[in-house]
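Novice: Quick one: the structure is below, questions incoming.
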Amino acid sequence: MERREGAGGAVLEKLERELMLLSRHQVLALRERDPERLERSAYLLLSRIDTQGPMSIGQLAEAFGLDASTVNRQTAALLRCGLAERVADPDGGMARKLRITAEGGRRLAGDREANRSCLARVVADWSPEDVRELEDVLVRLNRSAEALEGRHWPRTEEGDTRGA
């Protein structure tokens, strides 16, 4: 077993490379399998709105640490495609919010199912314990990154509704 090294060590170099490769595999799987799949930004935005409920451009920009103009362009594409719609703030605020449409929900669910199917094939020969260990480590990695950024992704399956 390799010993842990400092921040500039070989372990972090290997970890960075493996995370880069992981993101490469996911992006290729999205485009090559079905050209109707959601773009990455659409998938992320719809996932956040689906988890947290209707959100304003400002809330989405803060949640992702992006400029409001960037999020405005990305959400404009969602609106044009009929994947999201503008609605009055359910809490009575002045800003209009974005909500997923039935079509957006259908496409998001389809992409999630395709992602899970791909994952099932990747880990088909893994033990259930190994799959659970990977999940635990990835949750820990994501929560640590979220804590450093000060932006938590709400996890409804755990009753965690912390916002941006």
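Chain identifiers are assigned as A, B, and so on, following the order in which chains appear in the structure tokens; residues are numbered from 1 within each chain, and ligands are numbered from 1 in order of appearance.
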What's around Gly104 in chain A at 12 Å? Count only C-alpha atoms, leave out sequence neighbours fewer than 6 positions away in its own chain, and write the answer as a list in words.
Specialist: Arg37, Leu38, Ala42, Tyr43, Leu45, Leu46, Ser47, Ile49, Asp50, Ala77, Leu78, Leu79, Arg80, Cys81, Gly82, Leu83, Ala84, Glu85, Leu98, Gly110 and Asp111 of chain A
Novice: If DSSP is run on the backbone, what residues of range 7-151 of chain A are strand (DSSP E)? A reply as a CSV table (one decimal) with N, CA, C and O atoms, in the first residue's frame would be ideal.
Specialist:
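Output (out-v2.csv):
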chain,number,residue,atom,x,y,z
A,84,ALA,N,-37.4,24.4,-19.0
A,84,ALA,CA,-37.7,25.1,-17.8
A,84,ALA,C,-38.6,26.3,-18.2
A,84,ALA,O,-38.8,26.6,-19.4
A,85,GLU,N,-39.3,26.8,-17.2
A,85,GLU,CA,-40.2,27.9,-17.4
A,85,GLU,C,-40.0,28.9,-16.2
A,85,GLU,O,-39.6,28.6,-15.1
A,86,ARG,N,-40.4,30.2,-16.5
A,86,ARG,CA,-40.3,31.2,-15.5
A,86,ARG,C,-41.6,31.2,-14.7
A,86,ARG,O,-42.7,31.1,-15.4
A,87,VAL,N,-41.5,31.3,-13.4
A,87,VAL,CA,-42.7,31.4,-12.6
A,87,VAL,C,-42.5,32.4,-11.5
A,87,VAL,O,-41.4,32.8,-11.2
A,97,LYS,N,-38.7,33.0,-10.8
A,97,LYS,CA,-37.8,31.9,-10.7
A,97,LYS,C,-38.0,30.9,-11.8
A,97,LYS,O,-38.9,31.0,-12.6
A,98,LEU,N,-37.0,30.0,-11.9
A,98,LEU,CA,-37.1,29.0,-12.9
A,98,LEU,C,-37.6,27.7,-12.3
A,98,LEU,O,-37.1,27.3,-11.2
A,99,ARG,N,-38.5,27.0,-13.0
A,99,ARG,CA,-39.0,25.7,-12.6
A,99,ARG,C,-38.9,24.8,-13.8
A,99,ARG,O,-39.0,25.2,-14.9
A,100,ILE,N,-38.6,23.5,-13.5
A,100,ILE,CA,-38.6,22.5,-14.5
A,100,ILE,C,-39.9,22.3,-15.1
A,100,ILE,O,-40.9,22.1,-14.4
Novice: Enter the distance from CA of Pro154 in chain A to CA of Leu19 in chain A, in Å, rounded to one decimal.
Specialist: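 Separation between CA of Pro154 in chain A and CA of Leu19 in chain A: 22.3 Å.
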Novice: In chain A, what's helix (DSSP H, G or I) per DSSP? Answer as a ChimeraX atom specification?
Specialist: /A:10-33,40-52,57-64,68-80,102-122,128-149,156-158
Novice: Calculated over only C-alpha atoms, which of the candidates A:Ala10, A:Val131, A:Ala95, A:Val139 has the smallest distance to Ser56 in chain A?
Specialist: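 Distance minimum relative to Ser56 in chain A lands on A:Ala95.
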Novice: Measuring atom to atom with only C-alpha atoms, identify which of A:Leu22, A:Ala68, A:Leu148, A:Ile57 is nearest to Leu119 in chain A.
Specialist: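 Looking at the shortest contact to Leu119 in chain A, the residue is A:Leu22.
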Novice: Would you work out the distance separating CA of Asp89 in chain A from CA of Gly53 in chain A, expressed in Å to one decimal?
Specialist: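 Atom-to-atom, CA of Asp89 in chain A to CA of Gly53 in chain A, that is 10.6 Å.
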Novice: Which one of A:Ser127, A:Ser41, A:Ser117, A:Thr101 sits closest to Thr70 in chain A if you count only C-alpha atoms?
Specialist: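 Among the listed residues, the smallest separation from Thr70 in chain A belongs to A:Ser41.
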Novice: Record the distance separating CA of Gln59 in chain A and CA of Ser23 in chain A, expressed in Å with one decimal.
Specialist: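 Between CA of Gln59 in chain A and CA of Ser23 in chain A the gap is 25.6 Å.
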